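Engineer: Pasting in a structure now, in structure tokens, and then I'll have a few things to ask.
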Amino acid sequence: MQRFVKIGLIQAHHDVDGHEPVEVHKAAAVEKHIGLIREAAAKGAQIVCLQELFYGPYFCTEQNPKWYAAAEPVPDGPTVSRMRDLAKELGIVLIVPLYEMEMPGVYYNTAAVIDADGTYLGKYRKHHLPHVQAGPAACGFWEKYYFKPGNTGYPVFDTAFAKVGVYICYDRHFPEGARILGLNGAEVVFNPSATTAGLSEYLWKLEQPAHAVANGYYLGAINRVGWEAPWNMGEFYGQSYLVNPRGEFVAVGSRDKDEVVIGDLDREMILEVRNLWQFYRDRRPETYGAMVELLP
């Protein structure tokens, strides 16, 4: 396989007020992101990842059954179908985070992975769900109201350009899944997110470079930008980035602008770092049993 792979990370502001109907949100956001995907492809990106729940606001700010209508089947829903056509047209791999309906009343925070020929390769469902207050009263990251915890494990997808893993937003606080993605062969892991300045910014450039170093892979972290009305829970602070297995930032986005962030994955660096540090060789899984025991 080729040594260098060009990665595209898309961060964007959601432009529609939360009071608008769900279908208005989805239509506007899908069209906006199609334009940004085309821009990424024009800049040479071969693998492109969108932000968490890309086709709407971060509606988990409130607990409102209105947003259940945003969920759709994966892979047979309209958004994944449209993205499959786009991936095939552009010859790129797409990671598409969206609200999945498994059946009426059963919903997941999901990312679909689409190969460069438009083939649907599979999905990752977010495992770790926050349920915490943040920002003004009644606002928060109320994800357990909307989603079941993921049940697909930690798959790695063998795409046309690289072996891709996905972790979603709050997952990044848990090193266990990040390690499993590496053990499953990931060369690059994407973490599409929606996270605000008042809560998580001090961790943003700390945890995920540590995952990249500990596991010898590239990591693409994506965060939306700006404030979302009417909640104004906090500032989504952008700064999407690609970090390499040495913990070095390859490319970093702005704090407050719609942007396509482009960086190169160097497959030889992955081999070099893994041969140097040998973290996988020196693991002692037979001593880790206490990690999976239930505690009070």
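Within each chain, counting starts at residue 1; across the structure tokens, chains are named A, B, ... in the order shown, with ligands numbered 1 upward in that order.
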Tell me, counting only C-alpha atoms, for each residue of segment 142-216 of chain A within 10 Å of segment 267-290 of chain A, which pair of atoms is nearest and how far apart they are in Å to one decimal, in rows ordered by chain and increasing number, as a tab-separated table.

Structural biologist:
residue	atom	partner	partner_atom	distance
A:Ala162	CA	A:Arg267	CA	8.9
A:Arg179	CA	A:Tyr280	CA	9.5
A:Gly182	CA	A:Tyr280	CA	9.0
A:Leu183	CA	A:Tyr280	CA	7.8
A:Glu187	CA	A:Ile270	CA	7.4
A:Val188	CA	A:Ile270	CA	9.6
A:Ala212	CA	A:Ile270	CA	10.0
A:Val213	CA	A:Val273	CA	8.5
A:Ala214	CA	A:Phe279	CA	7.1
A:Asn215	CA	A:Phe279	CA	7.3
A:Gly216	CA	A:Arg274	CA	5.7

Engineer: Can I get the selection written as an mmCIF file, in the first residue's frame, with N, CA, C and O atoms?

Structural biologist:
data_model
loop_
_atom_site.group_PDB
_atom_site.id
_atom_site.type_symbol
_atom_site.label_atom_id
_atom_site.label_comp_id
_atom_site.auth_asym_id
_atom_site.auth_seq_id
_atom_site.Cartn_x
_atom_site.Cartn_y
_atom_site.Cartn_z
ATOM 1 N N ALA A 162 -6.468 2.774 4.099
ATOM 2 C CA ALA A 162 -5.881 2.489 5.407
ATOM 3 C C ALA A 162 -6.875 1.688 6.235
ATOM 4 O O ALA A 162 -8.063 1.593 5.906
ATOM 5 N N ARG A 179 -7.194 1.130 23.020
ATOM 6 C CA ARG A 179 -6.214 0.058 22.925
ATOM 7 C C ARG A 179 -6.734 -1.096 22.056
ATOM 8 O O ARG A 179 -6.012 -1.626 21.214
ATOM 9 N N GLY A 182 -6.330 -0.473 18.427
ATOM 10 C CA GLY A 182 -4.965 -0.735 17.991
ATOM 11 C C GLY A 182 -4.698 -2.223 17.848
ATOM 12 O O GLY A 182 -4.099 -2.674 16.857
ATOM 13 N N LEU A 183 -5.137 -3.011 18.806
ATOM 14 C CA LEU A 183 -4.942 -4.460 18.735
ATOM 15 C C LEU A 183 -5.672 -5.064 17.540
ATOM 16 O O LEU A 183 -5.240 -6.082 16.991
ATOM 17 N N GLU A 187 -4.728 1.697 11.785
ATOM 18 C CA GLU A 187 -3.634 2.614 11.462
ATOM 19 C C GLU A 187 -4.012 4.058 11.763
ATOM 20 O O GLU A 187 -3.155 4.890 12.026
ATOM 21 N N VAL A 188 -5.298 4.336 11.698
ATOM 22 C CA VAL A 188 -5.811 5.656 12.060
ATOM 23 C C VAL A 188 -7.155 5.461 12.742
ATOM 24 O O VAL A 188 -7.974 4.642 12.318
ATOM 25 N N ALA A 212 -2.726 7.996 20.743
ATOM 26 C CA ALA A 212 -1.920 7.777 19.540
ATOM 27 C C ALA A 212 -0.546 7.227 19.906
ATOM 28 O O ALA A 212 -0.039 6.295 19.262
ATOM 29 N N VAL A 213 0.069 7.783 20.945
ATOM 30 C CA VAL A 213 1.390 7.326 21.369
ATOM 31 C C VAL A 213 1.322 5.924 21.951
ATOM 32 O O VAL A 213 2.142 5.048 21.625
ATOM 33 N N ALA A 214 0.369 5.676 22.826
ATOM 34 C CA ALA A 214 0.277 4.382 23.505
ATOM 35 C C ALA A 214 -0.019 3.244 22.546
ATOM 36 O O ALA A 214 0.318 2.085 22.828
ATOM 37 N N ASN A 215 -0.631 3.583 21.400
ATOM 38 C CA ASN A 215 -1.073 2.530 20.486
ATOM 39 C C ASN A 215 -0.399 2.568 19.127
ATOM 40 O O ASN A 215 -0.675 1.718 18.288
ATOM 41 N N GLY A 216 0.457 3.547 18.882
ATOM 42 C CA GLY A 216 1.211 3.575 17.646
ATOM 43 C C GLY A 216 0.368 3.754 16.406
ATOM 44 O O GLY A 216 0.609 3.130 15.376
#

Engineer: Pick out the residues sitting within 10 Å of Phe141 of chain A, and hand them over as a list in words; count only C-alpha atoms, and ignore anything fewer than 5 positions along from it in its own chain.

Structural biologist: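 The contact residues come out as Tyr58, Phe59, Cys60, Thr61, Glu62, Gln63, Leu129, Pro130, His131, Val132, Gln133, Ala134, Gly135, Tyr170, Ala194, Thr195 and Met233 of chain A.
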
Engineer: Taking the DSSP secondary structure from the backbone, can you list the residues of segment 76-220 of chain A that are helix (DSSP H, G or I), as JSON, numbers by chain?

Structural biologist: {"A": [78, 79, 80, 81, 82, 83, 84, 85, 86, 87, 88, 89, 90, 143, 144, 145, 169, 170, 171, 172, 173, 175, 176, 177, 178, 179, 180, 181, 182, 183, 197, 198, 199, 200, 201, 202, 203, 204, 207, 208, 209, 210, 211, 212, 213, 214, 215]}

Engineer: The selected residues should be written to file as a tab-separated table (two decimals), in the first residue's frame (atoms: N, CA and C atoms).

Structural biologist:
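out21.tsv written:
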chain	number	residue	atom	x	y	z
A	78	PRO	N	-31.65	7.47	4.11
A	78	PRO	CA	-31.32	8.42	3.03
A	78	PRO	C	-29.93	9.03	3.13
A	79	THR	N	-29.45	9.29	4.34
A	79	THR	CA	-28.16	9.98	4.46
A	79	THR	C	-27.00	9.07	4.07
A	80	VAL	N	-26.97	7.86	4.58
A	80	VAL	CA	-25.89	6.95	4.21
A	80	VAL	C	-25.96	6.62	2.72
A	81	SER	N	-27.15	6.46	2.19
A	81	SER	CA	-27.28	6.18	0.76
A	81	SER	C	-26.69	7.32	-0.07
A	82	ARG	N	-27.00	8.55	0.33
A	82	ARG	CA	-26.47	9.69	-0.42
A	82	ARG	C	-24.95	9.78	-0.28
A	83	MET	N	-24.44	9.50	0.91
A	83	MET	CA	-22.99	9.56	1.13
A	83	MET	C	-22.26	8.43	0.40
A	84	ARG	N	-22.91	7.30	0.23
A	84	ARG	CA	-22.30	6.23	-0.56
A	84	ARG	C	-22.12	6.67	-2.00
A	85	ASP	N	-23.13	7.32	-2.54
A	85	ASP	CA	-23.01	7.81	-3.92
A	85	ASP	C	-21.89	8.84	-4.03
A	86	LEU	N	-21.78	9.72	-3.01
A	86	LEU	CA	-20.76	10.76	-3.04
A	86	LEU	C	-19.36	10.16	-2.91
A	87	ALA	N	-19.19	9.19	-2.03
A	87	ALA	CA	-17.89	8.54	-1.87
A	87	ALA	C	-17.44	7.88	-3.17
A	88	LYS	N	-18.37	7.22	-3.83
A	88	LYS	CA	-18.05	6.57	-5.11
A	88	LYS	C	-17.68	7.61	-6.16
A	89	GLU	N	-18.45	8.68	-6.24
A	89	GLU	CA	-18.18	9.73	-7.23
A	89	GLU	C	-16.79	10.32	-7.04
A	90	LEU	N	-16.41	10.58	-5.78
A	90	LEU	CA	-15.15	11.26	-5.49
A	90	LEU	C	-13.98	10.30	-5.29
A	143	GLU	N	-27.10	12.28	26.81
A	143	GLU	CA	-27.11	11.28	25.75
A	143	GLU	C	-27.86	10.00	26.12
A	144	LYS	N	-27.98	9.70	27.38
A	144	LYS	CA	-28.69	8.47	27.75
A	144	LYS	C	-30.20	8.61	27.52
A	145	TYR	N	-30.66	9.83	27.32
A	145	TYR	CA	-32.06	10.04	26.93
A	145	TYR	C	-32.31	9.61	25.49
A	169	CYS	N	-16.51	10.85	20.45
A	169	CYS	CA	-16.59	11.88	21.48
A	169	CYS	C	-16.23	11.36	22.88
A	170	TYR	N	-17.20	11.16	23.75
A	170	TYR	CA	-16.97	10.78	25.15
A	170	TYR	C	-16.18	9.48	25.28
A	171	ASP	N	-16.21	8.64	24.26
A	171	ASP	CA	-15.39	7.44	24.27
A	171	ASP	C	-13.92	7.76	24.55
A	172	ARG	N	-13.47	8.94	24.12
A	172	ARG	CA	-12.05	9.25	24.19
A	172	ARG	C	-11.52	9.29	25.62
A	173	HIS	N	-12.41	9.38	26.61
A	173	HIS	CA	-11.97	9.40	28.00
A	173	HIS	C	-11.66	7.99	28.53
A	175	PRO	N	-9.46	4.64	27.88
A	175	PRO	CA	-8.34	4.11	27.09
A	175	PRO	C	-8.52	2.68	26.64
A	176	GLU	N	-9.46	1.96	27.25
A	176	GLU	CA	-9.59	0.54	26.93
A	176	GLU	C	-9.98	0.31	25.48
A	177	GLY	N	-11.00	1.03	25.00
A	177	GLY	CA	-11.42	0.85	23.61
A	177	GLY	C	-10.38	1.35	22.63
A	178	ALA	N	-9.66	2.42	23.01
A	178	ALA	CA	-8.59	2.93	22.15
A	178	ALA	C	-7.50	1.87	21.97
A	179	ARG	N	-7.19	1.13	23.02
A	179	ARG	CA	-6.21	0.06	22.92
A	179	ARG	C	-6.73	-1.10	22.06
A	180	ILE	N	-8.00	-1.46	22.23
A	180	ILE	CA	-8.56	-2.55	21.45
A	180	ILE	C	-8.54	-2.22	19.96
A	181	LEU	N	-8.81	-0.97	19.60
A	181	LEU	CA	-8.75	-0.57	18.19
A	181	LEU	C	-7.34	-0.79	17.63
A	182	GLY	N	-6.33	-0.47	18.43
A	182	GLY	CA	-4.96	-0.74	17.99
A	182	GLY	C	-4.70	-2.22	17.85
A	183	LEU	N	-5.14	-3.01	18.81
A	183	LEU	CA	-4.94	-4.46	18.74
A	183	LEU	C	-5.67	-5.06	17.54
A	197	ALA	N	-16.20	24.34	25.48
A	197	ALA	CA	-15.02	24.91	26.14
A	197	ALA	C	-15.08	24.80	27.66
A	198	GLY	N	-16.23	25.05	28.24
A	198	GLY	CA	-16.30	25.07	29.69
A	198	GLY	C	-16.08	23.73	30.35
A	199	LEU	N	-16.25	22.66	29.59
A	199	LEU	CA	-16.17	21.34	30.19
A	199	LEU	C	-14.88	20.60	29.87
A	200	SER	N	-14.47	20.59	28.61
A	200	SER	CA	-13.48	19.59	28.19
A	200	SER	C	-12.22	20.13	27.53
A	201	GLU	N	-12.13	21.44	27.33
A	201	GLU	CA	-11.05	21.93	26.48
A	201	GLU	C	-9.66	21.60	27.04
A	202	TYR	N	-9.53	21.57	28.35
A	202	TYR	CA	-8.21	21.29	28.92
A	202	TYR	C	-7.73	19.87	28.63
A	203	LEU	N	-8.66	19.00	28.25
A	203	LEU	CA	-8.31	17.61	27.92
A	203	LEU	C	-8.13	17.38	26.42
A	204	TRP	N	-8.57	18.33	25.60
A	204	TRP	CA	-8.71	18.08	24.17
A	204	TRP	C	-7.40	17.66	23.51
A	207	GLU	N	-5.57	13.90	25.98
A	207	GLU	CA	-5.94	12.49	25.98
A	207	GLU	C	-5.66	11.80	24.65
A	208	GLN	N	-6.06	12.43	23.57
A	208	GLN	CA	-6.00	11.71	22.29
A	208	GLN	C	-4.59	11.58	21.73
A	209	PRO	N	-3.72	12.58	21.88
A	209	PRO	CA	-2.31	12.31	21.55
A	209	PRO	C	-1.73	11.17	22.39
A	210	ALA	N	-2.19	11.05	23.64
A	210	ALA	CA	-1.72	9.94	24.47
A	210	ALA	C	-2.19	8.59	23.91
A	211	HIS	N	-3.43	8.53	23.41
A	211	HIS	CA	-3.90	7.29	22.76
A	211	HIS	C	-3.04	6.97	21.54
A	212	ALA	N	-2.73	8.00	20.74
A	212	ALA	CA	-1.92	7.78	19.54
A	212	ALA	C	-0.55	7.23	19.91
A	213	VAL	N	0.07	7.78	20.94
A	213	VAL	CA	1.39	7.33	21.37
A	213	VAL	C	1.32	5.92	21.95
A	214	ALA	N	0.37	5.68	22.83
A	214	ALA	CA	0.28	4.38	23.50
A	214	ALA	C	-0.02	3.24	22.55
A	215	ASN	N	-0.63	3.58	21.40
A	215	ASN	CA	-1.07	2.53	20.49
A	215	ASN	C	-0.40	2.57	19.13

Engineer: Give the answer as one residue: which of A:Gly91, A:Met101, A:Tyr107, A:Met1 has the shortest atom-to-atom distance to Lys163 of chain A, using only C-alpha atoms?

Structural biologist: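 Of all the options, A:Met1 lies closest to Lys163 of chain A.
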
Engineer: Write out as a ChimeraX atom specification all residues of segment 7-236 of chain A that backbone DSSP assigns to strand (DSSP E).

Structural biologist: /A:7-11,47-49,93-103,106-114,120-125,131-133,140-142,156-158,163-166,188-193,218-223,225-226,236

Engineer: Within 12 Å of Ser254 of chain A, counting only C-alpha atoms, which residues qualify if same-chain residues fewer than 5 places away don't, as a PyMOL selection string?

Structural biologist: chain A and resi 9-12+222-226+236-241+259-261

Engineer: Would you export the selected residues with N, CA, C and O atoms as a compact mmCIF listing (two decimals), in the first residue's frame, please?

Structural biologist:
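Wrote part-v1.txt, looks like this:
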# COMPACT_ATOMS: atom_id res chain seq x y z
N LEU A 9 -10.38 16.19 7.81
CA LEU A 9 -11.26 16.32 8.97
C LEU A 9 -12.12 17.56 8.76
O LEU A 9 -11.59 18.64 8.49
N ILE A 10 -13.43 17.41 8.91
CA ILE A 10 -14.34 18.52 8.62
C ILE A 10 -15.00 19.00 9.90
O ILE A 10 -15.68 18.24 10.59
N GLN A 11 -14.77 20.28 10.23
CA GLN A 11 -15.43 20.91 11.37
C GLN A 11 -16.33 22.02 10.85
O GLN A 11 -15.97 22.73 9.92
N ALA A 12 -17.50 22.16 11.46
CA ALA A 12 -18.46 23.13 10.94
C ALA A 12 -19.40 23.62 12.03
O ALA A 12 -19.69 22.90 13.00
N ILE A 222 -12.17 15.45 15.74
CA ILE A 222 -13.00 16.43 15.05
C ILE A 222 -13.98 17.04 16.05
O ILE A 222 -14.65 16.30 16.79
N ASN A 223 -14.09 18.35 16.06
CA ASN A 223 -15.04 19.03 16.94
C ASN A 223 -15.76 20.12 16.16
O ASN A 223 -15.14 20.83 15.37
N ARG A 224 -17.06 20.26 16.39
CA ARG A 224 -17.81 21.33 15.72
C ARG A 224 -17.40 22.70 16.28
O ARG A 224 -16.64 22.77 17.26
N VAL A 225 -17.91 23.77 15.70
CA VAL A 225 -17.50 25.12 16.10
C VAL A 225 -18.71 25.99 16.41
O VAL A 225 -19.81 25.77 15.91
N GLY A 226 -18.48 27.00 17.26
CA GLY A 226 -19.46 28.05 17.49
C GLY A 226 -20.48 27.73 18.58
O GLY A 226 -20.36 26.76 19.32
N PHE A 236 -18.58 25.45 21.13
CA PHE A 236 -17.89 24.33 20.49
C PHE A 236 -16.61 24.90 19.89
O PHE A 236 -16.67 25.74 18.99
N TYR A 237 -15.48 24.44 20.38
CA TYR A 237 -14.23 25.17 20.16
C TYR A 237 -13.37 24.64 19.02
O TYR A 237 -12.19 24.98 18.91
N GLY A 238 -13.94 23.86 18.13
CA GLY A 238 -13.20 23.44 16.94
C GLY A 238 -11.87 22.80 17.26
O GLY A 238 -11.79 21.84 18.02
N GLN A 239 -10.79 23.33 16.62
CA GLN A 239 -9.44 22.83 16.82
C GLN A 239 -9.31 21.34 16.49
O GLN A 239 -8.61 20.60 17.17
N SER A 240 -10.02 20.93 15.45
CA SER A 240 -9.87 19.56 14.98
C SER A 240 -8.42 19.34 14.59
O SER A 240 -7.74 20.26 14.11
N TYR A 241 -7.93 18.12 14.78
CA TYR A 241 -6.52 17.89 14.49
C TYR A 241 -6.24 16.44 14.12
O TYR A 241 -7.01 15.53 14.46
N GLU A 259 -14.16 24.54 8.47
CA GLU A 259 -12.83 24.30 7.93
C GLU A 259 -12.65 22.84 7.54
O GLU A 259 -13.21 21.93 8.17
N VAL A 260 -11.85 22.64 6.50
CA VAL A 260 -11.37 21.32 6.12
C VAL A 260 -9.92 21.24 6.55
O VAL A 260 -9.07 21.99 6.05
N VAL A 261 -9.62 20.37 7.49
CA VAL A 261 -8.28 20.21 8.03
C VAL A 261 -7.63 19.02 7.33
O VAL A 261 -8.17 17.91 7.35

Engineer: State, in Å with one decimal place, the distance from atom CA of Phe249 of chain A to atom CA of Asp15 of chain A.

Structural biologist: 28.8 Å

Engineer: Within 7 Å of segment 21-34 of chain A, counting only C-alpha atoms, which residues show up once you throw out same-chain ones fewer than 2 positions away? Write them as a ChimeraX atom specification, please.

Structural biologist: /A:14,16,19,36-38,55-56,67,69-70
